[in-house]
Amino acid sequence: MPSSGKIKHLSRKCNTCYTSGDKRELFNCSRCRSVTYCSKECQRADWKKHKPICENNSVLESRLKEHESTPGGLLDRLMLVDGISLYELDQRLEKWVRFHNTTLMAATIQALRLPADLSRARTHLLYVTLAPRGEAEHGGSPGKFFRVEDAVVIDVEDAMARKSPWPESIMQLRQVGAEMEGNGRGTIAAAMIECPPLAVQTVPFGSLTELAMKKTMLHGTWKSFFMSHVEQGKRPRVILDRRAR
């Protein structure tokens, strides 16, 4: 059975110049669909950095697709919800992450208590475990493809001690974070998403700055907020409360 240790950026900012999708229309990398750009120039400038992640995501997706027609792949359909394949489960997860991306980012910021200490983005991760939901529950809505079984904060060092692809994913995350900080673009935090039998997948959130965190209030109810909105399959209207300027 192939594992899938993808890194899913899925940010609504250009991966090169960090232009917001609110200011300019963005497009996805056509190969891996995990990063966005505001122009072909930005995409070309980012290729050297993005290439390893892009190739890794593409290879893993191809392996899952090839696995569909194997005896093991046929057996998976008997075990998985709605009789889907591992590849289809992975595609559902991608759509679910895209739908809940902003909610995941808010939960990560709150869970890691970044408004109080942004450096915790380097030492801690939000670990989210999911369970797939059947068609009778999700009704074809990507926001309801999965429910959250648990969401907890874990130490990066503990994550490094876990089996592959955890260490590799953390090392890639550290590399991206170091480049971002070196370019003065803030820091990066991440949620690790796991839905067995798929391997853990990384969802990073970049361009986090001290200034932005100072305008964000901490809420002790982040977990119930997060799980409730995922269960209902909806995006909250207000993600982060801001302090008065």
# chains A, B, ... in the order shown; residues from 1 in each chain; ligands from 1
>>> residues_around(residues="region 212-222 of chain A", least_positions_apart="5", cutoff="12 Å", atoms="only C-alpha atoms", output="VMD selection string")
chain A and resid 103 to 119 121 126 151 to 152 186 to 187 206 to 207 227 to 229 239 to 245
>>> closest_atom_pairs(of="region 170-229 of chain A", to="region 11-33 of chain A", cutoff="10 Å", atoms="only C-alpha atoms", output="CSV")
residue,atom,partner,partner_atom,distance
A:Met180,CA,A:Thr16,CA,9.7
A:Arg185,CA,A:Tyr18,CA,8.3
A:Val203,CA,A:Ser11,CA,9.1
A:Pro204,CA,A:Ser11,CA,8.2
A:Phe205,CA,A:Ser11,CA,6.9
A:Gly206,CA,A:Ser11,CA,7.9
A:Ser207,CA,A:Tyr18,CA,7.7
>>> write_last_selection(atoms="all heavy atoms", output="short mmCIF file (atom, residue, chain, number, x, y, z; two decimals), in the first residue's frame")
data_model
loop_
_atom_site.label_atom_id
_atom_site.label_comp_id
_atom_site.auth_asym_id
_atom_site.auth_seq_id
_atom_site.Cartn_x
_atom_site.Cartn_y
_atom_site.Cartn_z
N MET A 180 11.74 31.39 4.29
CA MET A 180 10.76 32.46 4.48
C MET A 180 11.28 33.49 5.48
O MET A 180 11.21 34.70 5.24
CB MET A 180 9.43 31.87 4.96
CG MET A 180 8.30 32.88 5.08
SD MET A 180 6.72 32.08 5.45
CE MET A 180 6.43 31.20 3.91
N ARG A 185 9.94 37.34 5.39
CA ARG A 185 8.52 37.14 5.08
C ARG A 185 7.74 36.55 6.24
O ARG A 185 6.67 35.98 6.05
CB ARG A 185 8.38 36.22 3.86
CG ARG A 185 9.00 36.76 2.59
CD ARG A 185 8.21 37.93 2.04
NE ARG A 185 8.70 38.34 0.73
CZ ARG A 185 8.15 39.31 0.00
NH1 ARG A 185 7.09 39.94 0.48
NH2 ARG A 185 8.65 39.65 -1.16
N VAL A 203 0.06 20.64 6.25
CA VAL A 203 -0.60 21.84 5.73
C VAL A 203 0.05 23.05 6.41
O VAL A 203 -0.25 23.37 7.56
CB VAL A 203 -2.11 21.83 6.03
CG1 VAL A 203 -2.77 23.08 5.42
CG2 VAL A 203 -2.76 20.57 5.47
N PRO A 204 1.00 23.71 5.72
CA PRO A 204 1.71 24.84 6.32
C PRO A 204 0.98 26.17 6.08
O PRO A 204 0.27 26.33 5.10
CB PRO A 204 3.06 24.82 5.61
CG PRO A 204 2.83 24.10 4.33
CD PRO A 204 1.55 23.33 4.43
N PHE A 205 1.19 27.10 7.00
CA PHE A 205 0.63 28.43 6.89
C PHE A 205 1.76 29.43 7.08
O PHE A 205 2.34 29.53 8.17
CB PHE A 205 -0.46 28.65 7.94
CG PHE A 205 -1.53 27.60 7.91
CD1 PHE A 205 -1.54 26.58 8.86
CD2 PHE A 205 -2.49 27.60 6.92
CE1 PHE A 205 -2.52 25.60 8.83
CE2 PHE A 205 -3.47 26.62 6.87
CZ PHE A 205 -3.48 25.61 7.83
N GLY A 206 2.09 30.16 6.02
CA GLY A 206 3.25 31.04 6.04
C GLY A 206 2.91 32.50 6.22
O GLY A 206 1.75 32.89 6.38
N SER A 207 3.95 33.31 6.19
CA SER A 207 3.86 34.78 6.30
C SER A 207 3.24 35.22 7.63
O SER A 207 2.54 36.23 7.69
CB SER A 207 3.06 35.36 5.14
OG SER A 207 3.60 34.98 3.90
#
>>> closest_residue(among="A:Pro167, A:Gly177, A:Leu80, A:Gln232", to="Gly139 (chain A)", atoms="only C-alpha atoms")
A:Gln232
>>> residues_around(residues="Glu231 (chain A)", least_positions_apart="5", cutoff="9 Å", atoms="only C-alpha atoms", output="PyMOL selection string")
chain A and resi 143-144+146-148+226
>>> select_by_dssp(residues="region 13-219 of chain A", states="strand (DSSP E)", output="CSV table (one decimal) with N, CA, C and O atoms, in the first residue's frame")
chain,number,residue,atom,x,y,z
A,27,PHE,N,-3.5,31.5,-9.4
A,27,PHE,CA,-3.7,30.2,-10.0
A,27,PHE,C,-2.8,29.1,-9.4
A,27,PHE,O,-1.8,29.5,-8.8
A,28,ASN,N,-3.2,27.9,-9.4
A,28,ASN,CA,-2.5,26.8,-8.8
A,28,ASN,C,-1.4,26.2,-9.7
A,28,ASN,O,-1.5,26.3,-11.0
A,36,THR,N,0.0,28.3,-5.0
A,36,THR,CA,-0.6,29.3,-5.8
A,36,THR,C,0.3,30.4,-6.2
A,36,THR,O,1.3,30.7,-5.4
A,37,TYR,N,0.1,31.0,-7.4
A,37,TYR,CA,0.9,32.1,-7.9
A,37,TYR,C,0.1,33.2,-8.4
A,37,TYR,O,-1.1,33.0,-8.9
A,124,HIS,N,6.3,23.6,17.8
A,124,HIS,CA,5.1,22.9,18.0
A,124,HIS,C,4.3,22.8,16.7
A,124,HIS,O,4.4,23.6,15.8
A,125,LEU,N,3.4,21.8,16.7
A,125,LEU,CA,2.5,21.5,15.5
A,125,LEU,C,1.1,21.2,16.0
A,125,LEU,O,1.0,20.7,17.1
A,126,LEU,N,0.1,21.5,15.2
A,126,LEU,CA,-1.2,21.0,15.5
A,126,LEU,C,-1.4,19.7,14.7
A,126,LEU,O,-1.2,19.6,13.5
A,127,TYR,N,-1.8,18.7,15.5
A,127,TYR,CA,-1.9,17.3,14.9
A,127,TYR,C,-3.4,17.0,14.9
A,127,TYR,O,-4.1,16.9,15.9
A,128,VAL,N,-4.0,16.9,13.7
A,128,VAL,CA,-5.4,16.6,13.5
A,128,VAL,C,-5.7,15.2,12.9
A,128,VAL,O,-5.1,14.9,11.9
A,129,THR,N,-6.5,14.4,13.6
A,129,THR,CA,-6.8,13.1,13.1
A,129,THR,C,-8.2,13.2,12.6
A,129,THR,O,-9.1,13.7,13.2
A,130,LEU,N,-8.4,12.6,11.4
A,130,LEU,CA,-9.7,12.6,10.8
A,130,LEU,C,-10.3,11.2,10.5
A,130,LEU,O,-9.6,10.2,10.5
A,131,ALA,N,-11.6,11.1,10.4
A,131,ALA,CA,-12.3,9.9,10.0
A,131,ALA,C,-13.2,10.3,8.8
A,131,ALA,O,-13.9,11.3,8.8
A,132,PRO,N,-13.2,9.5,7.7
A,132,PRO,CA,-14.0,9.7,6.5
A,132,PRO,C,-15.5,9.5,6.9
A,132,PRO,O,-15.8,8.7,7.7
A,146,PHE,N,-15.0,14.6,5.8
A,146,PHE,CA,-14.3,14.1,7.0
A,146,PHE,C,-14.8,14.7,8.3
A,146,PHE,O,-15.3,15.9,8.2
A,147,ARG,N,-14.7,14.0,9.4
A,147,ARG,CA,-15.0,14.7,10.7
A,147,ARG,C,-13.7,14.6,11.5
A,147,ARG,O,-12.8,13.7,11.3
A,148,VAL,N,-13.5,15.5,12.4
A,148,VAL,CA,-12.3,15.6,13.2
A,148,VAL,C,-12.5,14.7,14.4
A,148,VAL,O,-13.5,14.8,15.2
A,149,GLU,N,-11.6,13.7,14.6
A,149,GLU,CA,-11.7,12.8,15.7
A,149,GLU,C,-10.9,13.5,16.9
A,149,GLU,O,-11.4,13.3,18.0
A,150,ASP,N,-9.8,14.2,16.6
A,150,ASP,CA,-9.1,14.9,17.7
A,150,ASP,C,-8.2,15.9,17.1
A,150,ASP,O,-7.8,15.8,15.9
A,151,ALA,N,-7.8,16.9,17.9
A,151,ALA,CA,-6.9,17.9,17.4
A,151,ALA,C,-6.1,18.3,18.7
A,151,ALA,O,-6.6,18.8,19.6
A,152,VAL,N,-4.8,18.0,18.6
A,152,VAL,CA,-3.9,18.3,19.8
A,152,VAL,C,-2.6,18.9,19.3
A,152,VAL,O,-2.2,18.8,18.2
A,153,VAL,N,-2.0,19.6,20.3
A,153,VAL,CA,-0.7,20.2,20.0
A,153,VAL,C,0.4,19.2,20.4
A,153,VAL,O,0.4,18.5,21.4
A,154,ILE,N,1.4,19.0,19.5
A,154,ILE,CA,2.6,18.1,19.7
A,154,ILE,C,3.9,18.9,19.5
A,154,ILE,O,3.9,19.8,18.8
A,155,ASP,N,4.9,18.4,20.2
A,155,ASP,CA,6.3,19.0,20.0
A,155,ASP,C,6.8,18.5,18.7
A,155,ASP,O,6.7,17.4,18.3
A,187,THR,N,7.2,33.9,9.6
A,187,THR,CA,7.5,32.5,9.8
A,187,THR,C,6.4,31.6,9.4
A,187,THR,O,5.4,32.1,8.9
A,188,ILE,N,6.5,30.3,9.6
A,188,ILE,CA,5.6,29.3,9.1
A,188,ILE,C,5.1,28.4,10.3
A,188,ILE,O,6.0,28.0,11.1
A,189,ALA,N,3.9,28.1,10.3
A,189,ALA,CA,3.3,27.2,11.3
A,189,ALA,C,2.6,26.1,10.5
A,189,ALA,O,2.4,26.3,9.3
A,190,ALA,N,2.3,25.0,11.1
A,190,ALA,CA,1.7,23.9,10.3
A,190,ALA,C,0.8,23.0,11.1
A,190,ALA,O,0.9,22.9,12.3
A,191,ALA,N,-0.2,22.5,10.4
A,191,ALA,CA,-1.1,21.4,10.9
A,191,ALA,C,-0.7,20.1,10.2
A,191,ALA,O,-0.5,20.1,9.0
A,192,MET,N,-0.6,19.1,11.0
A,192,MET,CA,-0.3,17.7,10.4
A,192,MET,C,-1.7,17.0,10.4
A,192,MET,O,-2.3,16.8,11.5
A,193,ILE,N,-2.1,16.6,9.2
A,193,ILE,CA,-3.4,16.0,9.0
A,193,ILE,C,-3.3,14.5,8.7
A,193,ILE,O,-2.5,14.1,7.8
A,194,GLU,N,-3.9,13.7,9.5
A,194,GLU,CA,-3.8,12.2,9.3
A,194,GLU,C,-5.2,11.6,9.3
A,194,GLU,O,-6.0,11.8,10.1
A,201,GLN,N,-0.2,14.2,6.3
A,201,GLN,CA,0.0,15.2,5.3
A,201,GLN,C,0.2,16.5,6.0
A,201,GLN,O,-0.5,16.8,7.0
A,202,THR,N,1.1,17.4,5.5
A,202,THR,CA,1.4,18.6,6.1
A,202,THR,C,0.7,19.8,5.4
A,202,THR,O,0.7,19.9,4.2
A,203,VAL,N,0.1,20.6,6.2
A,203,VAL,CA,-0.6,21.8,5.7
A,203,VAL,C,0.1,23.0,6.4
A,203,VAL,O,-0.3,23.4,7.6
A,204,PRO,N,1.0,23.7,5.7
A,204,PRO,CA,1.7,24.8,6.3
A,204,PRO,C,1.0,26.2,6.1
A,204,PRO,O,0.3,26.3,5.1
A,205,PHE,N,1.2,27.1,7.0
A,205,PHE,CA,0.6,28.4,6.9
A,205,PHE,C,1.8,29.4,7.1
A,205,PHE,O,2.3,29.5,8.2
A,206,GLY,N,2.1,30.2,6.0
A,206,GLY,CA,3.3,31.0,6.0
A,206,GLY,C,2.9,32.5,6.2
A,206,GLY,O,1.8,32.9,6.4
A,207,SER,N,4.0,33.3,6.2
A,207,SER,CA,3.9,34.8,6.3
A,207,SER,C,3.2,35.2,7.6
A,207,SER,O,2.5,36.2,7.7
A,208,LEU,N,3.5,34.5,8.7
A,208,LEU,CA,3.0,34.8,10.0
A,208,LEU,C,4.0,35.8,10.7
A,208,LEU,O,5.2,35.4,10.8
>>> atom_distance(atom1="CA of Gly233 (chain A)", atom2="CA of Leu198 (chain A)")
21.3 Å
>>> closest_residue(among="A:Gly184, A:Pro197, A:Pro236, A:Pro142", to="Glu210 (chain A)", atoms="only C-alpha atoms")
A:Gly184
>>> residues_around(residues="region 53-57 of chain A", least_positions_apart="2", cutoff="6 Å", atoms="only C-alpha atoms", output="PyMOL selection string")
chain A and resi 6+32+50-51+59-60
>>> write_last_selection(atoms="all heavy atoms", output="compact mmCIF listing (two decimals), in the first residue's frame")
# COMPACT_ATOMS: atom_id res chain seq x y z
N LYS A 6 2.22 14.06 1.71
CA LYS A 6 2.23 15.28 0.93
C LYS A 6 2.40 16.51 1.79
O LYS A 6 2.09 16.51 2.97
CB LYS A 6 0.92 15.42 0.15
CG LYS A 6 0.71 14.39 -0.95
CD LYS A 6 -0.58 14.69 -1.67
CE LYS A 6 -0.82 13.71 -2.82
NZ LYS A 6 -2.09 14.00 -3.50
N CYS A 32 0.89 19.84 -9.29
CA CYS A 32 0.57 19.29 -7.97
C CYS A 32 -0.61 19.99 -7.30
O CYS A 32 -1.14 19.49 -6.30
CB CYS A 32 1.79 19.36 -7.06
SG CYS A 32 2.24 21.04 -6.52
N HIS A 50 10.23 25.07 -5.17
CA HIS A 50 9.01 24.26 -5.19
C HIS A 50 9.20 22.89 -5.83
O HIS A 50 8.47 21.95 -5.52
CB HIS A 50 7.90 25.02 -5.93
CG HIS A 50 6.63 24.24 -6.11
ND1 HIS A 50 5.94 23.70 -5.04
CD2 HIS A 50 5.95 23.87 -7.23
CE1 HIS A 50 4.86 23.06 -5.50
NE2 HIS A 50 4.85 23.14 -6.81
N LYS A 51 10.20 22.75 -6.69
CA LYS A 51 10.37 21.52 -7.47
C LYS A 51 10.38 20.25 -6.63
O LYS A 51 9.66 19.29 -6.96
CB LYS A 51 11.66 21.62 -8.30
CG LYS A 51 11.89 20.39 -9.20
CD LYS A 51 13.16 20.56 -10.02
CE LYS A 51 13.40 19.32 -10.90
NZ LYS A 51 14.64 19.47 -11.70
N VAL A 59 4.52 12.32 -7.56
CA VAL A 59 4.88 10.90 -7.55
C VAL A 59 3.95 10.12 -6.62
O VAL A 59 3.46 9.04 -6.97
CB VAL A 59 6.36 10.71 -7.11
CG1 VAL A 59 6.65 9.25 -6.78
CG2 VAL A 59 7.29 11.19 -8.21
N LEU A 60 3.70 10.67 -5.44
CA LEU A 60 2.82 9.98 -4.49
C LEU A 60 1.41 9.85 -5.04
O LEU A 60 0.76 8.82 -4.88
CB LEU A 60 2.81 10.74 -3.16
CG LEU A 60 4.10 10.67 -2.35
CD1 LEU A 60 4.06 11.63 -1.19
CD2 LEU A 60 4.36 9.26 -1.87
>>> closest_residue(among="A:Leu89, A:Gly182, A:Thr102, A:Val200", to="Ser169 (chain A)", atoms="only C-alpha atoms")
A:Val200
>>> select_by_dssp(residues="region 31-181 of chain A", states="alpha helix (DSSP H)", output="number ranges by chain")
A: 40-67, 71-79, 86-99, 101-111, 120-123, 135-138, 156-160, 166-181
>>> write_last_selection(atoms="C-alpha atoms", output="PDB file, in the first residue's frame")
ATOM      1  CA  LYS A  40       4.035  33.098 -14.519  1.00  0.00           C
ATOM      2  CA  GLU A  41       7.075  35.142 -13.515  1.00  0.00           C
ATOM      3  CA  CYS A  42       6.522  34.312  -9.845  1.00  0.00           C
ATOM      4  CA  GLN A  43       5.970  30.660 -10.714  1.00  0.00           C
ATOM      5  CA  ARG A  44       9.272  30.475 -12.612  1.00  0.00           C
ATOM      6  CA  ALA A  45      11.125  32.276  -9.819  1.00  0.00           C
ATOM      7  CA  ASP A  46       9.798  29.777  -7.261  1.00  0.00           C
ATOM      8  CA  TRP A  47      10.468  26.615  -9.275  1.00  0.00           C
ATOM      9  CA  LYS A  48      13.833  25.743  -7.735  1.00  0.00           C
ATOM     10  CA  LYS A  49      12.323  25.841  -4.232  1.00  0.00           C
ATOM     11  CA  HIS A  50       9.008  24.261  -5.186  1.00  0.00           C
ATOM     12  CA  LYS A  51      10.375  21.524  -7.466  1.00  0.00           C
ATOM     13  CA  PRO A  52      11.189  18.892  -4.763  1.00  0.00           C
ATOM     14  CA  ILE A  53       7.777  19.291  -3.111  1.00  0.00           C
ATOM     15  CA  CYS A  54       5.988  19.313  -6.466  1.00  0.00           C
ATOM     16  CA  GLU A  55       7.736  16.160  -7.649  1.00  0.00           C
ATOM     17  CA  ASN A  56       7.140  14.414  -4.324  1.00  0.00           C
ATOM     18  CA  ASN A  57       3.412  15.226  -4.357  1.00  0.00           C
ATOM     19  CA  SER A  58       3.058  14.221  -8.000  1.00  0.00           C
ATOM     20  CA  VAL A  59       4.881  10.899  -7.547  1.00  0.00           C
ATOM     21  CA  LEU A  60       2.823   9.982  -4.494  1.00  0.00           C
ATOM     22  CA  GLU A  61      -0.402  10.825  -6.305  1.00  0.00           C
ATOM     23  CA  SER A  62       0.650   8.705  -9.291  1.00  0.00           C
ATOM     24  CA  ARG A  63       1.446   5.758  -7.019  1.00  0.00           C
ATOM     25  CA  LEU A  64      -1.966   5.987  -5.393  1.00  0.00           C
ATOM     26  CA  LYS A  65      -3.581   6.085  -8.833  1.00  0.00           C
ATOM     27  CA  GLU A  66      -1.616   3.027 -10.005  1.00  0.00           C
ATOM     28  CA  HIS A  67      -2.478   1.207  -6.779  1.00  0.00           C
ATOM     29  CA  PRO A  71      -5.337  -6.633  -5.833  1.00  0.00           C
ATOM     30  CA  GLY A  72      -4.537  -4.506  -2.797  1.00  0.00           C
ATOM     31  CA  GLY A  73      -6.313  -1.566  -4.375  1.00  0.00           C
ATOM     32  CA  LEU A  74      -9.428  -3.638  -5.014  1.00  0.00           C
ATOM     33  CA  LEU A  75      -9.329  -4.825  -1.407  1.00  0.00           C
ATOM     34  CA  ASP A  76      -9.145  -1.199  -0.257  1.00  0.00           C
ATOM     35  CA  ARG A  77     -12.525  -0.543  -1.874  1.00  0.00           C
ATOM     36  CA  LEU A  78     -14.061  -3.196   0.369  1.00  0.00           C
ATOM     37  CA  MET A  79     -12.618  -1.506   3.447  1.00  0.00           C
ATOM     38  CA  LEU A  86      -7.118   5.181  -1.669  1.00  0.00           C
ATOM     39  CA  TYR A  87      -6.582   7.606  -4.546  1.00  0.00           C
ATOM     40  CA  GLU A  88     -10.159   8.829  -4.258  1.00  0.00           C
ATOM     41  CA  LEU A  89      -9.775   9.143  -0.482  1.00  0.00           C
ATOM     42  CA  ASP A  90      -6.661  11.258  -1.048  1.00  0.00           C
ATOM     43  CA  GLN A  91      -8.544  13.460  -3.523  1.00  0.00           C
ATOM     44  CA  ARG A  92     -11.356  13.932  -1.011  1.00  0.00           C
ATOM     45  CA  LEU A  93      -8.809  14.924   1.620  1.00  0.00           C
ATOM     46  CA  GLU A  94      -7.302  17.496  -0.734  1.00  0.00           C
ATOM     47  CA  LYS A  95     -10.731  19.031  -1.343  1.00  0.00           C
ATOM     48  CA  TRP A  96     -11.515  18.972   2.384  1.00  0.00           C
ATOM     49  CA  VAL A  97      -8.251  20.757   3.240  1.00  0.00           C
ATOM     50  CA  ARG A  98      -8.892  23.349   0.545  1.00  0.00           C
ATOM     51  CA  PHE A  99     -12.413  23.970   1.856  1.00  0.00           C
ATOM     52  CA  ASN A 101      -7.960  25.944   4.847  1.00  0.00           C
ATOM     53  CA  THR A 102      -8.765  29.220   6.600  1.00  0.00           C
ATOM     54  CA  THR A 103     -10.394  27.430   9.541  1.00  0.00           C
ATOM     55  CA  LEU A 104      -7.349  25.173   9.847  1.00  0.00           C
ATOM     56  CA  MET A 105      -5.064  28.190   9.870  1.00  0.00           C
ATOM     57  CA  ALA A 106      -7.076  29.871  12.631  1.00  0.00           C
ATOM     58  CA  ALA A 107      -7.102  26.666  14.690  1.00  0.00           C
ATOM     59  CA  THR A 108      -3.336  26.279  14.253  1.00  0.00           C
ATOM     60  CA  ILE A 109      -2.641  29.860  15.343  1.00  0.00           C
ATOM     61  CA  GLN A 110      -4.874  29.490  18.386  1.00  0.00           C
ATOM     62  CA  ALA A 111      -3.775  25.966  19.366  1.00  0.00           C
ATOM     63  CA  ARG A 120       6.179  28.271  19.131  1.00  0.00           C
ATOM     64  CA  ALA A 121       5.584  27.907  15.374  1.00  0.00           C
ATOM     65  CA  ARG A 122       9.103  26.399  15.219  1.00  0.00           C
ATOM     66  CA  THR A 123       8.681  24.056  18.179  1.00  0.00           C
ATOM     67  CA  GLU A 135     -22.223   9.803   1.353  1.00  0.00           C
ATOM     68  CA  ALA A 136     -25.308   9.743   3.568  1.00  0.00           C
ATOM     69  CA  GLU A 137     -23.516  12.252   5.809  1.00  0.00           C
ATOM     70  CA  HIS A 138     -21.471  14.366   3.410  1.00  0.00           C
ATOM     71  CA  VAL A 156       8.242  19.086  16.778  1.00  0.00           C
ATOM     72  CA  GLU A 157      10.924  16.885  18.356  1.00  0.00           C
ATOM     73  CA  ASP A 158       8.302  14.255  19.205  1.00  0.00           C
ATOM     74  CA  ALA A 159       7.044  14.458  15.627  1.00  0.00           C
ATOM     75  CA  MET A 160      10.589  13.892  14.324  1.00  0.00           C
ATOM     76  CA  TRP A 166       6.935  12.430   9.603  1.00  0.00           C
ATOM     77  CA  PRO A 167      10.693  13.232   9.780  1.00  0.00           C
ATOM     78  CA  GLU A 168      10.907  13.993   6.066  1.00  0.00           C
ATOM     79  CA  SER A 169       7.858  16.258   6.239  1.00  0.00           C
ATOM     80  CA  ILE A 170       9.269  18.155   9.227  1.00  0.00           C
ATOM     81  CA  MET A 171      12.618  18.658   7.496  1.00  0.00           C
ATOM     82  CA  GLN A 172      10.884  20.052   4.391  1.00  0.00           C
ATOM     83  CA  LEU A 173       8.812  22.312   6.615  1.00  0.00           C
ATOM     84  CA  ARG A 174      11.930  23.587   8.395  1.00  0.00           C
ATOM     85  CA  GLN A 175      13.617  24.324   5.077  1.00  0.00           C
ATOM     86  CA  VAL A 176      10.651  26.308   3.778  1.00  0.00           C
ATOM     87  CA  GLY A 177      10.390  28.149   7.101  1.00  0.00           C
ATOM     88  CA  ALA A 178      14.083  29.056   7.135  1.00  0.00           C
ATOM     89  CA  GLU A 179      13.865  30.465   3.599  1.00  0.00           C
ATOM     90  CA  MET A 180      10.759  32.461   4.478  1.00  0.00           C
ATOM     91  CA  GLU A 181      12.355  33.934   7.615  1.00  0.00           C
TER      92      GLU A 181
END
>>> atom_distance(atom1="CA of Ala161 (chain A)", atom2="CA of Thr209 (chain A)")
28.5 Å
